[in-house]
Structures are given as structure tokens and as C-alpha cells.
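Student: The structure that follows is given in the form of C-alpha cells.
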Amino acid sequence: MNAAPDPSARTSGTPVIGILGGTFNPVHFGHLRMAQELADALNLDTVRFIPAANPPHKDAPAISADQRAAMVKLAIAGNGTFVFDGRELHRAGASYTVDTLLSLREELGQQASITLFMGSDAFTKFDTWHRWQEIIQHCHIALVQRPQVRGHEHQLSKPLEIFLHNHYTENSDDLHQQPSGLVTMRQITALDISSTAIRHALKHGDSVRYLMPDSVFDYIRQHQLYQ
Ligand code: ATP
Ligand code: MG
């Protein structure tokens, strides 16, 4: 006798994607390497780079959203796995991840496996995100360790510890079996690069070459950004 089909199970052939949201102010090798290593480790078809228009947790960036988006497009050009996704740029008001996921579900359907990428610094603040408990109903989460910012201990709050415990899986194959609901962690090459440090260096006239693709480096120079 055949077992009854699990209604939450995925049928094969539907997309398995990763998404990386961020301010990308500017995009750098930390973002790109994280996306590549997670795409490989989790066996993803595509990774969507989704720049935020109005990040709810940051002051409005001095660089326009279009310029940040242009740099992301340059950075991922030529990578067949990476895709630019501008849906947050044209949405009015603050960019909330939960809204982005609902919009992605409308496009990709309920069966697609969607994994949200997050650095450890972002995850420690995850329980302050808009409707954060709902997010895991719409996607998986893949966490990567980010080199510690000196003086900033990444301590998890009790709700986040419980959240992690309830959704954690070590087996990346699980992320292919269901469309959402799991959290996994992956070890990646540690690159201690941040947009903040890049903006700081540029402001002080230091070179940021080799921290990002040459195409992005050239764009920043041409447009005299972050001076
Ligand atoms: P800023 O310094 O302006 O906050 P950032 O370098 O942190 O910029 P974001 O656009 O804020 O870049 O990051 C988007 C996502 O990428 C976050 O989940 C963040 O944790 C992750 N990320 C950024 N840089 C790295 C890195 N070097 N290694 C791993 N993950 C990273
Ligand atoms: Mg950041």
C-alpha cells in the first residue's frame, strides 16, 4: 500500500532558490562569496540579489537606490546562477522582508523552495524584524558566520534561541523536500569585508580595490561615490 502523499512535500522540478537581501552600499566580495558558497552547498538553481529601497533599520543611504542596484548588476554579471531582483526598489515605503517573500510566492508559487541568506550579524537582530515569526512560514533561512566585529558579541536572545532550536536542520537536503520552515547553518570562507568599512576607507581617500569586483570599483571611481 502506498503511503498517503504528504501535502506539505514538494514535487520535484519546482524551483529551488536562494535570496540575498541587503543595502549593498556598496556590494562587495563578502556578499558574492557568501552567495556562491551557499548556492553550491545547498544545491540551488538561482540566487536572487534583492537590494533594499528604504532599509527600515538604517538611515537613508546617501547613494541612490538606482546606483546601489547598478553596482549589484555589475557585480553579478556573467554568473549564470546569480539574478538581479529589483522588486523592493519600486515598492513605496519601507522594505520588509515578509512583503518581499509574499511577492516572491505570488511569482514562484507555494511549492518553490526559497532560502533566505543571512549573516550572523543580521540574525542576532532578526527578532526585531517586521512580523519576524511569519517569515519562516514563507522561506528557509541559511545562516553564515560573519567575522566578529570587535566589541560586538553576537549573543542570541531567548526567543531567537528557541526559534533556532525549533527550526534547525543540519541536512541541506531537507531544504529541497519542503518549501519553507527550516533553518540551517553553513561554514563559509570568512571574509572580513563590510560596506561600512568600504565607505569609511573611501571617505579617507584609501583604495578599496580588491574588496569588490573591478567593475564595481570602476563604477565608484567614475561616479565619485562615497567621497
Ligand atoms: P553595512 O556595513 O552597510 O551594514 P554590510 O557589509 O553589512 O553593509 P549588507 O548589505 O548590510 O552589507 O548585508 C547584507 C547581508 O549580507 C546581511 O545578511 C549580511 O550579514 C551579509 N553579509 C555582508 N557582508 C558579509 C560578509 N563579509 N560575510 C558574510 N555575510 C555578509
Ligand atoms: Mg550590514
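Every chain in the C-alpha cells takes a letter, A first, then B, and so on in the order presented; its residues are numbered from 1, and the ligands are numbered from 1 following the presented order.
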How would you report the residues lying within 9 Å of ligand 1, as a PDB file with C-alpha atoms, in the first residue's frame, if you count only C-alpha atoms and all ligand atoms?
Tutor:
```pdb
ATOM      1  CA  LEU A  20      20.141  37.666  -0.532  1.00  0.00           C
ATOM      2  CA  GLY A  21      18.695  40.972   0.568  1.00  0.00           C
ATOM      3  CA  GLY A  22      20.788  43.873   1.718  1.00  0.00           C
ATOM      4  CA  THR A  23      21.585  47.516   1.300  1.00  0.00           C
ATOM      5  CA  PHE A  24      24.559  46.669  -0.905  1.00  0.00           C
ATOM      6  CA  ASN A  25      26.017  50.092  -0.177  1.00  0.00           C
ATOM      7  CA  PRO A  26      28.178  49.046  -1.936  1.00  0.00           C
ATOM      8  CA  VAL A  27      28.162  45.332  -2.854  1.00  0.00           C
ATOM      9  CA  HIS A  28      31.475  43.560  -2.074  1.00  0.00           C
ATOM     10  CA  PHE A  29      33.200  40.154  -2.173  1.00  0.00           C
ATOM     11  CA  GLY A  30      31.729  39.240   1.238  1.00  0.00           C
ATOM     12  CA  HIS A  31      28.246  39.217  -0.332  1.00  0.00           C
ATOM     13  CA  LEU A  32      29.332  37.489  -3.533  1.00  0.00           C
ATOM     14  CA  ARG A  33      31.373  34.755  -1.905  1.00  0.00           C
ATOM     15  CA  MET A  34      28.645  34.009   0.632  1.00  0.00           C
ATOM     16  CA  ALA A  35      26.066  33.713  -2.156  1.00  0.00           C
ATOM     17  CA  PRO A  51      18.635  45.450  -2.906  1.00  0.00           C
ATOM     18  CA  ALA A  52      16.530  47.252  -0.318  1.00  0.00           C
ATOM     19  CA  LYS A  58      19.279  52.075   8.697  1.00  0.00           C
ATOM     20  CA  PRO A  61      21.850  55.876   2.298  1.00  0.00           C
ATOM     21  CA  LEU A 116      16.813  33.427   2.722  1.00  0.00           C
ATOM     22  CA  PHE A 117      20.544  34.029   3.307  1.00  0.00           C
ATOM     23  CA  MET A 118      21.647  35.864   6.401  1.00  0.00           C
ATOM     24  CA  GLY A 119      24.909  36.761   8.066  1.00  0.00           C
ATOM     25  CA  SER A 120      25.196  36.208  11.820  1.00  0.00           C
ATOM     26  CA  ASP A 121      25.061  39.957  12.475  1.00  0.00           C
ATOM     27  CA  ALA A 122      21.694  40.192  10.762  1.00  0.00           C
ATOM     28  CA  PHE A 123      20.346  37.122  12.565  1.00  0.00           C
ATOM     29  CA  LEU A 143      22.925  31.341   8.325  1.00  0.00           C
ATOM     30  CA  VAL A 144      26.600  32.052   7.864  1.00  0.00           C
ATOM     31  CA  GLN A 145      29.100  33.222  10.445  1.00  0.00           C
ATOM     32  CA  ARG A 146      30.395  36.671   9.771  1.00  0.00           C
ATOM     33  CA  PRO A 147      33.824  37.572  11.169  1.00  0.00           C
ATOM     34  CA  ILE A 188      31.911  29.649   4.550  1.00  0.00           C
ATOM     35  CA  THR A 189      35.223  31.302   3.771  1.00  0.00           C
ATOM     36  CA  ALA A 190      35.460  34.100   6.320  1.00  0.00           C
ATOM     37  CA  LEU A 191      35.885  37.445   4.603  1.00  0.00           C
ATOM     38  CA  ASP A 192      36.051  40.356   6.989  1.00  0.00           C
ATOM     39  CA  ILE A 193      34.680  42.876   4.492  1.00  0.00           C
ATOM     40  CA  SER A 194      31.821  45.276   5.169  1.00  0.00           C
ATOM     41  CA  SER A 195      30.208  48.106   3.248  1.00  0.00           C
ATOM     42  CA  THR A 196      30.694  50.321   6.293  1.00  0.00           C
ATOM     43  CA  ALA A 197      34.470  49.786   6.206  1.00  0.00           C
ATOM     44  CA  ILE A 198      34.479  50.388   2.438  1.00  0.00           C
ATOM     45  CA  ARG A 199      32.587  53.677   2.782  1.00  0.00           C
TER      46      ARG A 199
END
```
Student: Could you give me the residues within region 13-200 of chain A that DSSP places in strand (DSSP E), as a VMD selection string?
Tutor: chain A and resid 16 to 22 46 to 51 82 to 84 113 to 119 140 to 144 183 to 186
Student: Give me, as a VMD selection string, all polymer residues having an atom no more than 12 Å from region 221-223 of chain A, counting only C-alpha atoms and skipping those fewer than 5 positions away in the same chain.
Tutor: chain A and resid 63 to 64 67 to 68 70 to 71 202 205 to 209 214 to 216
Student: Now that the selection is made, can you save its residues with N, CA and C atoms as an mmCIF file, in the first residue's frame?
Tutor:
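Okay, out.cif is ready:
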```cif
data_model
loop_
_atom_site.group_PDB
_atom_site.id
_atom_site.type_symbol
_atom_site.label_atom_id
_atom_site.label_comp_id
_atom_site.auth_asym_id
_atom_site.auth_seq_id
_atom_site.Cartn_x
_atom_site.Cartn_y
_atom_site.Cartn_z
ATOM 1 N N ILE A 63 23.816 57.320 -1.217
ATOM 2 C CA ILE A 63 23.859 56.856 -2.600
ATOM 3 C C ILE A 63 22.444 56.423 -2.996
ATOM 4 N N SER A 64 22.032 56.731 -4.224
ATOM 5 C CA SER A 64 20.659 56.401 -4.617
ATOM 6 C C SER A 64 20.472 54.896 -4.750
ATOM 7 N N GLN A 67 21.759 53.586 -7.979
ATOM 8 C CA GLN A 67 23.210 53.383 -8.055
ATOM 9 C C GLN A 67 23.626 52.110 -7.329
ATOM 10 N N ARG A 68 23.015 51.850 -6.193
ATOM 11 C CA ARG A 68 23.319 50.595 -5.487
ATOM 12 C C ARG A 68 22.915 49.397 -6.339
ATOM 13 N N ALA A 70 22.697 49.380 -9.630
ATOM 14 C CA ALA A 70 23.606 49.309 -10.789
ATOM 15 C C ALA A 70 24.883 48.560 -10.408
ATOM 16 N N MET A 71 25.367 48.793 -9.197
ATOM 17 C CA MET A 71 26.595 48.121 -8.754
ATOM 18 C C MET A 71 26.360 46.628 -8.545
ATOM 19 N N LEU A 202 36.863 54.945 1.630
ATOM 20 C CA LEU A 202 36.711 55.882 0.509
ATOM 21 C C LEU A 202 36.668 57.329 1.000
ATOM 22 N N GLY A 205 40.021 58.568 1.505
ATOM 23 C CA GLY A 205 40.903 58.558 0.349
ATOM 24 C C GLY A 205 41.717 57.284 0.187
ATOM 25 N N ASP A 206 41.369 56.227 0.924
ATOM 26 C CA ASP A 206 42.084 54.951 0.781
ATOM 27 C C ASP A 206 41.459 54.126 -0.339
ATOM 28 N N SER A 207 42.266 53.278 -0.937
ATOM 29 C CA SER A 207 41.765 52.451 -2.028
ATOM 30 C C SER A 207 40.946 51.284 -1.495
ATOM 31 N N VAL A 208 39.869 50.959 -2.231
ATOM 32 C CA VAL A 208 39.045 49.798 -1.857
ATOM 33 C C VAL A 208 39.166 48.702 -2.914
ATOM 34 N N ARG A 209 40.212 48.829 -3.739
ATOM 35 C CA ARG A 209 40.454 47.823 -4.759
ATOM 36 C C ARG A 209 40.693 46.456 -4.113
ATOM 37 N N ASP A 214 36.289 44.477 -9.977
ATOM 38 C CA ASP A 214 36.828 45.685 -10.610
ATOM 39 C C ASP A 214 35.728 46.546 -11.223
ATOM 40 N N SER A 215 34.675 45.880 -11.754
ATOM 41 C CA SER A 215 33.588 46.635 -12.385
ATOM 42 C C SER A 215 32.912 47.574 -11.371
ATOM 43 N N VAL A 216 32.777 47.111 -10.146
ATOM 44 C CA VAL A 216 32.150 47.939 -9.099
ATOM 45 C C VAL A 216 33.134 49.020 -8.650
#
```
Student: Just the residues within 10 Å of Gln133 (chain A), please, counting only C-alpha atoms, with nothing from its chain fewer than 6 positions along; format it as a ChimeraX atom specification.
Tutor: /A:98,126-127,159-160,163
Student: Nearest to ligand 2 among A:Glu161, A:Lys125, A:Thr184, A:Thr81, with distances taken over only C-alpha atoms and all ligand atoms: which residue is it?
Tutor: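 Closest residue, counting only C-alpha atoms and all ligand atoms: A:Lys125.
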Student: Excluding Asp40 (chain A) and its own-chain neighbours fewer than 3 positions away, which residues fall within 12 Å of it when counting only C-alpha atoms? Please give them as a PyMOL selection string.
Tutor: chain A and resi 17-18+33-37+43-47+81-82+172+186+188
Student: Give the answer as one residue: which of A:Ala92, A:Ile76, A:Thr124, A:Gln227 has the shortest atom-to-atom distance to ligand 2, using only C-alpha atoms and all ligand atoms?
Tutor: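 Selected residue with least distance to ligand 2: A:Thr124.
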Student: Please, which residues of region 131-225 of chain A, numbered as in this document, come out alpha helix (DSSP H) from DSSP, as a VMD selection string?
Tutor: chain A and resid 132 to 135 158 to 167 174 to 177 195 to 203 214 to 222
Student: Nearest residue to Asp174 (chain A) out of A:Gln111, A:Pro15, A:Leu42, A:Ile136, using only C-alpha atoms?
Tutor: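 Closest to Asp174 (chain A) of all the choices is A:Leu42.
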Student: Name the closest residue to Thr14 (chain A) among the candidates A:Gln148, A:Gln155, A:Ile114, A:Thr169; distances are taken between atoms, counting only C-alpha atoms.
Tutor: A:Ile114
Student: At what distance in Å, to one decimal, does CA of Asn171 (chain A) lie from CA of Phe84 (chain A)?
Tutor: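 Answer for the CA of Phe84 (chain A) to CA of Asn171 (chain A) separation: 27.9 Å.
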